file work.cif (mmCIF, C-alpha atoms)
data_input
loop_
_atom_site.label_atom_id
_atom_site.label_comp_id
_atom_site.auth_asym_id
_atom_site.auth_seq_id
_atom_site.Cartn_x
_atom_site.Cartn_y
_atom_site.Cartn_z
CA LEU A 236 100.82 95.71 109.18
CA LEU A 237 102.58 92.81 110.86
CA ARG A 238 103.72 94.98 113.77
CA ARG A 239 100.11 96.01 114.43
CA GLN A 240 99.16 92.36 114.90
CA PHE A 241 101.48 92.06 117.88
CA GLY A 242 101.07 95.52 119.38
CA SER A 243 97.79 95.21 121.29
CA LEU A 244 97.66 94.93 125.06
CA PRO A 245 96.17 91.39 125.22
CA ILE A 246 98.87 90.09 122.86
CA LEU A 247 101.60 91.74 124.90
CA LEU A 248 100.18 90.25 128.11
CA LEU A 249 100.13 86.80 126.55
CA ALA A 250 103.73 87.24 125.40
CA LEU A 251 104.67 88.20 128.94
CA ALA A 252 102.85 85.12 130.22
CA ALA A 253 104.84 82.96 127.77
CA LEU A 254 108.09 84.50 129.00
CA LEU A 255 107.13 83.93 132.64
CA ALA A 256 106.14 80.35 131.88
CA ALA A 257 109.48 79.75 130.18
CA ALA A 258 111.35 81.38 133.07
CA THR A 259 109.63 79.13 135.61
CA GLY A 260 110.36 75.99 133.63
CA ALA A 261 106.88 75.42 132.17
CA LEU A 262 108.24 75.07 128.65
CA ALA A 263 105.22 73.23 127.25
CA GLU A 264 102.89 76.03 128.36
CA ALA A 265 105.28 78.67 127.04
CA ALA A 266 105.49 76.91 123.68
CA GLY A 267 101.70 76.59 123.52
CA ILE A 268 101.16 80.28 124.25
CA ALA A 269 103.83 81.27 121.72
CA ALA A 270 102.29 79.02 119.06
CA VAL A 271 98.86 80.55 119.61
CA LEU A 272 100.33 84.06 119.42
CA LEU A 273 102.12 83.31 116.15
CA LEU A 274 99.07 81.62 114.64
CA ASN A 275 96.83 84.51 115.66
CA GLY A 276 99.29 87.07 114.27
CA GLY A 277 99.64 85.17 111.00
CA ILE A 278 95.90 84.83 110.48
CA GLY A 279 95.34 88.49 111.35
CA PHE A 280 98.10 89.61 108.99
CA VAL A 281 96.76 87.58 106.04
CA THR A 282 93.20 88.75 106.68
CA GLU A 283 94.15 92.44 106.84
CA TRP A 284 96.45 92.14 103.82
CA ARG A 285 93.67 90.59 101.74
CA ALA A 286 91.20 93.24 102.88
CA GLU A 287 93.56 96.08 101.99
CA SER A 288 94.27 94.49 98.61
CA ALA A 289 90.54 94.19 97.91
CA ILE A 290 89.96 97.82 98.86
CA ALA A 291 92.82 98.94 96.62
CA SER A 292 91.33 96.93 93.74
CA LEU A 293 87.95 98.55 94.28
CA PHE A 294 89.47 102.02 94.17
CA GLU A 295 91.02 101.17 90.80
CA LEU A 296 87.53 100.50 89.43
CA ILE A 297 86.30 103.96 90.32
CA ASP A 298 86.24 106.30 87.35
CA THR A 299 87.86 109.54 88.42
CA THR A 300 86.69 111.61 85.45
CA VAL A 301 83.36 113.38 85.30
CA LYS A 302 81.50 115.30 82.64
CA VAL A 303 80.93 118.96 83.54
CA ARG A 304 79.32 121.88 81.80
CA ARG A 305 81.62 124.92 81.86
CA GLY A 306 81.04 127.97 79.79
CA GLY A 307 78.32 126.26 77.76
CA ARG A 308 80.56 123.34 76.76
CA VAL A 309 80.54 119.79 78.16
CA LEU A 310 84.04 118.73 79.19
CA SER A 311 85.50 115.61 80.75
CA VAL A 312 87.71 116.50 83.76
CA ASP A 313 89.24 114.73 86.73
CA SER A 314 86.91 114.72 89.71
CA ASP A 315 89.49 116.46 91.90
CA ARG A 316 89.43 119.42 89.48
CA LEU A 317 85.76 120.25 90.10
CA VAL A 318 85.15 123.85 91.15
CA ALA A 319 82.20 125.77 92.50
CA GLY A 320 79.88 126.61 89.64
CA ASP A 321 80.47 123.44 87.62
CA VAL A 322 77.24 121.91 86.40
CA LEU A 323 77.19 118.12 86.33
CA PRO A 324 74.81 116.81 83.66
CA LEU A 325 73.36 113.58 85.06
CA ALA A 326 71.81 110.67 83.21
CA ALA A 327 70.40 107.33 84.26
CA GLY A 328 73.12 104.80 85.12
CA MET A 329 75.86 107.34 85.80
CA ARG A 330 78.10 106.98 88.83
#
call {"tool": "encode", "arguments": {"input": "work.cif", "output": "structure tokens"}}
result
Amino acid sequence: LLRRQFGSLPILLLALAALLAAATGALAEAAGIAAVLLLNGGIGFVTEWRAESAIASLFELIDTTVKVRRGGRVLSVDSDRLVAGDVLPLAAGMR
């Protein structure tokens, strides 16, 4: 996740610009570019980490069991175990 923040072409070009600025003696400019790169990477990392955590939390809320009618009986099975021919009895408010 952190590596992705610094892997895009514009970020790499700015890093190259910071290196060139440092090599030519413009240390203030190099430090400014580096600070912006680090700040941008940190903000991007935190934002993506929070988003992925929120998505993972939402997936935990999803009920993975469903009621199916098989062979005349109503059973509760995992949703990944549904097969062709299962009848799903639906009611108001069901997900």
call {"tool": "resolve_selection", "arguments": {"input": "work.cif", "expression": "the PyMOL selection byres ((chain A and resi 268) around 10)", "output": "ChimeraX atom specification"}}
result
/A:249-254,256,262-267,269-274
call {"tool": "write_last_selection", "arguments": {"input": "work.cif", "atoms": "C-alpha atoms", "output": "CSV table (one decimal), in the coordinates of the input"}}
result
chain,number,residue,atom,x,y,z
A,249,LEU,CA,100.1,86.8,126.6
A,250,ALA,CA,103.7,87.2,125.4
A,251,LEU,CA,104.7,88.2,128.9
A,252,ALA,CA,102.8,85.1,130.2
A,253,ALA,CA,104.8,83.0,127.8
A,254,LEU,CA,108.1,84.5,129.0
A,256,ALA,CA,106.1,80.4,131.9
A,262,LEU,CA,108.2,75.1,128.6
A,263,ALA,CA,105.2,73.2,127.2
A,264,GLU,CA,102.9,76.0,128.4
A,265,ALA,CA,105.3,78.7,127.0
A,266,ALA,CA,105.5,76.9,123.7
A,267,GLY,CA,101.7,76.6,123.5
A,269,ALA,CA,103.8,81.3,121.7
A,270,ALA,CA,102.3,79.0,119.1
A,271,VAL,CA,98.9,80.6,119.6
A,272,LEU,CA,100.3,84.1,119.4
A,273,LEU,CA,102.1,83.3,116.2
A,274,LEU,CA,99.1,81.6,114.6
call {"tool": "closest_residue", "arguments": {"input": "work.cif", "among": "A:Arg316, A:Ala326, A:Leu248, A:Glu287", "to": "Leu236 (chain A)", "atoms": "all atoms listed in the file"}}
result
A:Glu287
call {"tool": "resolve_selection", "arguments": {"input": "work.cif", "expression": "the PyMOL selection byres ((chain A and resi 290-302) around 6)", "output": "ChimeraX atom specification"}}
result
/A:287-289,303,310-314
call {"tool": "atom_distance", "arguments": {"input": "work.cif", "atom1": "CA of Gly277 (chain A)", "atom2": "CA of Gln240 (chain A)"}}
result
8.2 Å
call {"tool": "atom_distance", "arguments": {"input": "work.cif", "atom1": "CA of Leu237 (chain A)", "atom2": "CA of Phe280 (chain A)"}}
result
5.8 Å
call {"tool": "atom_distance", "arguments": {"input": "work.cif", "atom1": "CA of Gly276 (chain A)", "atom2": "CA of Phe241 (chain A)"}}
result
6.5 Å
call {"tool": "residues_near_point", "arguments": {"input": "work.cif", "point": "(78.7, 123.1, 81.5)", "cutoff": "10 Å", "atoms": "all atoms listed in the file", "output": "ChimeraX atom specification"}}
result
/A:302-310,320-324
call {"tool": "axis_aligned_box", "arguments": {"input": "work.cif", "around": "region 281-299 of chain A", "padding_each_side": "4 Å", "output": "lines of an AutoDock Vina configuration file"}}
result
center_x = 91.5
center_y = 98.6
center_z = 97.1
size_x = 18.5
size_y = 30.0
size_z = 27.5
call {"tool": "decode", "arguments": {"input": "work.cif", "residues": "region 242-275 of chain A", "atoms": "N, CA, C and O atoms", "output": "PDB file, in the first residue's frame"}}
result
ATOM      1  N   GLY A 242       4.802   4.995  -6.464  1.00  0.00           N
ATOM      2  CA  GLY A 242       5.133   4.305  -7.697  1.00  0.00           C
ATOM      3  C   GLY A 242       4.607   4.948  -8.966  1.00  0.00           C
ATOM      4  O   GLY A 242       4.913   4.488 -10.058  1.00  0.00           O
ATOM      5  N   SER A 243       3.846   6.028  -8.860  1.00  0.00           N
ATOM      6  CA  SER A 243       3.275   6.624 -10.068  1.00  0.00           C
ATOM      7  C   SER A 243       4.311   7.487 -10.790  1.00  0.00           C
ATOM      8  O   SER A 243       5.295   7.952 -10.200  1.00  0.00           O
ATOM      9  N   LEU A 244       4.080   7.709 -12.055  1.00  0.00           N
ATOM     10  CA  LEU A 244       5.012   8.476 -12.875  1.00  0.00           C
ATOM     11  C   LEU A 244       5.204   9.912 -12.382  1.00  0.00           C
ATOM     12  O   LEU A 244       6.356  10.365 -12.280  1.00  0.00           O
ATOM     13  N   PRO A 245       4.159  10.657 -12.049  1.00  0.00           N
ATOM     14  CA  PRO A 245       4.385  12.028 -11.562  1.00  0.00           C
ATOM     15  C   PRO A 245       5.217  12.067 -10.283  1.00  0.00           C
ATOM     16  O   PRO A 245       6.072  12.944 -10.121  1.00  0.00           O
ATOM     17  N   ILE A 246       5.009  11.111  -9.393  1.00  0.00           N
ATOM     18  CA  ILE A 246       5.788  11.071  -8.147  1.00  0.00           C
ATOM     19  C   ILE A 246       7.249  10.763  -8.452  1.00  0.00           C
ATOM     20  O   ILE A 246       8.162  11.371  -7.889  1.00  0.00           O
ATOM     21  N   LEU A 247       7.477   9.830  -9.365  1.00  0.00           N
ATOM     22  CA  LEU A 247       8.860   9.503  -9.733  1.00  0.00           C
ATOM     23  C   LEU A 247       9.554  10.685 -10.407  1.00  0.00           C
ATOM     24  O   LEU A 247      10.741  10.949 -10.169  1.00  0.00           O
ATOM     25  N   LEU A 248       8.831  11.427 -11.227  1.00  0.00           N
ATOM     26  CA  LEU A 248       9.415  12.614 -11.864  1.00  0.00           C
ATOM     27  C   LEU A 248       9.746  13.686 -10.836  1.00  0.00           C
ATOM     28  O   LEU A 248      10.788  14.353 -10.933  1.00  0.00           O
ATOM     29  N   LEU A 249       8.883  13.859  -9.850  1.00  0.00           N
ATOM     30  CA  LEU A 249       9.180  14.830  -8.791  1.00  0.00           C
ATOM     31  C   LEU A 249      10.377  14.385  -7.952  1.00  0.00           C
ATOM     32  O   LEU A 249      11.193  15.218  -7.537  1.00  0.00           O
ATOM     33  N   ALA A 250      10.502  13.098  -7.706  1.00  0.00           N
ATOM     34  CA  ALA A 250      11.666  12.594  -6.970  1.00  0.00           C
ATOM     35  C   ALA A 250      12.940  12.829  -7.764  1.00  0.00           C
ATOM     36  O   ALA A 250      13.975  13.227  -7.209  1.00  0.00           O
ATOM     37  N   LEU A 251      12.867  12.636  -9.068  1.00  0.00           N
ATOM     38  CA  LEU A 251      14.018  12.916  -9.923  1.00  0.00           C
ATOM     39  C   LEU A 251      14.358  14.401  -9.894  1.00  0.00           C
ATOM     40  O   LEU A 251      15.541  14.776  -9.840  1.00  0.00           O
ATOM     41  N   ALA A 252      13.336  15.243  -9.905  1.00  0.00           N
ATOM     42  CA  ALA A 252      13.564  16.688  -9.828  1.00  0.00           C
ATOM     43  C   ALA A 252      14.225  17.052  -8.503  1.00  0.00           C
ATOM     44  O   ALA A 252      15.116  17.926  -8.461  1.00  0.00           O
ATOM     45  N   ALA A 253      13.832  16.405  -7.415  1.00  0.00           N
ATOM     46  CA  ALA A 253      14.453  16.674  -6.113  1.00  0.00           C
ATOM     47  C   ALA A 253      15.919  16.254  -6.125  1.00  0.00           C
ATOM     48  O   ALA A 253      16.782  16.974  -5.604  1.00  0.00           O
ATOM     49  N   LEU A 254      16.208  15.107  -6.745  1.00  0.00           N
ATOM     50  CA  LEU A 254      17.600  14.659  -6.831  1.00  0.00           C
ATOM     51  C   LEU A 254      18.443  15.613  -7.676  1.00  0.00           C
ATOM     52  O   LEU A 254      19.589  15.943  -7.317  1.00  0.00           O
ATOM     53  N   LEU A 255      17.882  16.064  -8.804  1.00  0.00           N
ATOM     54  CA  LEU A 255      18.608  17.014  -9.647  1.00  0.00           C
ATOM     55  C   LEU A 255      18.824  18.339  -8.934  1.00  0.00           C
ATOM     56  O   LEU A 255      19.890  18.951  -9.048  1.00  0.00           O
ATOM     57  N   ALA A 256      17.829  18.789  -8.191  1.00  0.00           N
ATOM     58  CA  ALA A 256      17.970  20.032  -7.440  1.00  0.00           C
ATOM     59  C   ALA A 256      19.057  19.887  -6.382  1.00  0.00           C
ATOM     60  O   ALA A 256      19.870  20.803  -6.193  1.00  0.00           O
ATOM     61  N   ALA A 257      19.098  18.745  -5.714  1.00  0.00           N
ATOM     62  CA  ALA A 257      20.137  18.525  -4.708  1.00  0.00           C
ATOM     63  C   ALA A 257      21.515  18.435  -5.348  1.00  0.00           C
ATOM     64  O   ALA A 257      22.499  18.950  -4.803  1.00  0.00           O
ATOM     65  N   ALA A 258      21.582  17.813  -6.527  1.00  0.00           N
ATOM     66  CA  ALA A 258      22.865  17.662  -7.215  1.00  0.00           C
ATOM     67  C   ALA A 258      23.408  18.995  -7.702  1.00  0.00           C
ATOM     68  O   ALA A 258      24.620  19.187  -7.785  1.00  0.00           O
ATOM     69  N   THR A 259      22.527  19.932  -8.016  1.00  0.00           N
ATOM     70  CA  THR A 259      22.968  21.237  -8.512  1.00  0.00           C
ATOM     71  C   THR A 259      23.144  22.251  -7.394  1.00  0.00           C
ATOM     72  O   THR A 259      23.451  23.411  -7.655  1.00  0.00           O
ATOM     73  N   GLY A 260      22.923  21.825  -6.161  1.00  0.00           N
ATOM     74  CA  GLY A 260      23.158  22.719  -5.039  1.00  0.00           C
ATOM     75  C   GLY A 260      21.930  23.472  -4.559  1.00  0.00           C
ATOM     76  O   GLY A 260      22.022  24.250  -3.620  1.00  0.00           O
ATOM     77  N   ALA A 261      20.785  23.258  -5.164  1.00  0.00           N
ATOM     78  CA  ALA A 261      19.551  23.922  -4.734  1.00  0.00           C
ATOM     79  C   ALA A 261      18.914  23.076  -3.635  1.00  0.00           C
ATOM     80  O   ALA A 261      17.888  22.426  -3.833  1.00  0.00           O
ATOM     81  N   LEU A 262      19.537  23.097  -2.468  1.00  0.00           N
ATOM     82  CA  LEU A 262      19.097  22.223  -1.385  1.00  0.00           C
ATOM     83  C   LEU A 262      17.736  22.617  -0.825  1.00  0.00           C
ATOM     84  O   LEU A 262      16.962  21.742  -0.416  1.00  0.00           O
ATOM     85  N   ALA A 263      17.416  23.883  -0.807  1.00  0.00           N
ATOM     86  CA  ALA A 263      16.121  24.320  -0.290  1.00  0.00           C
ATOM     87  C   ALA A 263      14.996  23.799  -1.179  1.00  0.00           C
ATOM     88  O   ALA A 263      13.963  23.309  -0.680  1.00  0.00           O
ATOM     89  N   GLU A 264      15.194  23.891  -2.501  1.00  0.00           N
ATOM     90  CA  GLU A 264      14.186  23.378  -3.425  1.00  0.00           C
ATOM     91  C   GLU A 264      14.053  21.865  -3.317  1.00  0.00           C
ATOM     92  O   GLU A 264      12.952  21.309  -3.343  1.00  0.00           O
ATOM     93  N   ALA A 265      15.199  21.183  -3.197  1.00  0.00           N
ATOM     94  CA  ALA A 265      15.184  19.727  -3.069  1.00  0.00           C
ATOM     95  C   ALA A 265      14.447  19.313  -1.792  1.00  0.00           C
ATOM     96  O   ALA A 265      13.641  18.374  -1.813  1.00  0.00           O
ATOM     97  N   ALA A 266      14.709  20.018  -0.706  1.00  0.00           N
ATOM     98  CA  ALA A 266      14.036  19.701   0.558  1.00  0.00           C
ATOM     99  C   ALA A 266      12.540  19.981   0.461  1.00  0.00           C
ATOM    100  O   ALA A 266      11.719  19.212   0.987  1.00  0.00           O
ATOM    101  N   GLY A 267      12.163  21.041  -0.213  1.00  0.00           N
ATOM    102  CA  GLY A 267      10.744  21.361  -0.385  1.00  0.00           C
ATOM    103  C   GLY A 267      10.017  20.300  -1.200  1.00  0.00           C
ATOM    104  O   GLY A 267       8.922  19.862  -0.829  1.00  0.00           O
ATOM    105  N   ILE A 268      10.633  19.872  -2.297  1.00  0.00           N
ATOM    106  CA  ILE A 268      10.026  18.841  -3.133  1.00  0.00           C
ATOM    107  C   ILE A 268       9.915  17.533  -2.349  1.00  0.00           C
ATOM    108  O   ILE A 268       8.882  16.860  -2.379  1.00  0.00           O
ATOM    109  N   ALA A 269      10.969  17.184  -1.624  1.00  0.00           N
ATOM    110  CA  ALA A 269      10.954  15.944  -0.842  1.00  0.00           C
ATOM    111  C   ALA A 269       9.883  15.999   0.247  1.00  0.00           C
ATOM    112  O   ALA A 269       9.187  15.011   0.493  1.00  0.00           O
ATOM    113  N   ALA A 270       9.740  17.154   0.880  1.00  0.00           N
ATOM    114  CA  ALA A 270       8.720  17.284   1.927  1.00  0.00           C
ATOM    115  C   ALA A 270       7.321  17.118   1.348  1.00  0.00           C
ATOM    116  O   ALA A 270       6.461  16.452   1.944  1.00  0.00           O
ATOM    117  N   VAL A 271       7.088  17.714   0.187  1.00  0.00           N
ATOM    118  CA  VAL A 271       5.775  17.579  -0.453  1.00  0.00           C
ATOM    119  C   VAL A 271       5.524  16.126  -0.843  1.00  0.00           C
ATOM    120  O   VAL A 271       4.414  15.612  -0.664  1.00  0.00           O
ATOM    121  N   LEU A 272       6.528  15.453  -1.368  1.00  0.00           N
ATOM    122  CA  LEU A 272       6.379  14.044  -1.732  1.00  0.00           C
ATOM    123  C   LEU A 272       6.038  13.183  -0.517  1.00  0.00           C
ATOM    124  O   LEU A 272       5.149  12.331  -0.580  1.00  0.00           O
ATOM    125  N   LEU A 273       6.740  13.388   0.584  1.00  0.00           N
ATOM    126  CA  LEU A 273       6.480  12.607   1.786  1.00  0.00           C
ATOM    127  C   LEU A 273       5.103  12.908   2.365  1.00  0.00           C
ATOM    128  O   LEU A 273       4.387  11.996   2.790  1.00  0.00           O
ATOM    129  N   LEU A 274       4.727  14.175   2.374  1.00  0.00           N
ATOM    130  CA  LEU A 274       3.406  14.550   2.881  1.00  0.00           C
ATOM    131  C   LEU A 274       2.303  13.931   2.020  1.00  0.00           C
ATOM    132  O   LEU A 274       1.326  13.372   2.535  1.00  0.00           O
ATOM    133  N   ASN A 275       2.467  14.033   0.711  1.00  0.00           N
ATOM    134  CA  ASN A 275       1.486  13.457  -0.215  1.00  0.00           C
ATOM    135  C   ASN A 275       1.389  11.944  -0.040  1.00  0.00           C
ATOM    136  O   ASN A 275       0.290  11.384  -0.001  1.00  0.00           O
TER     137      ASN A 275
END
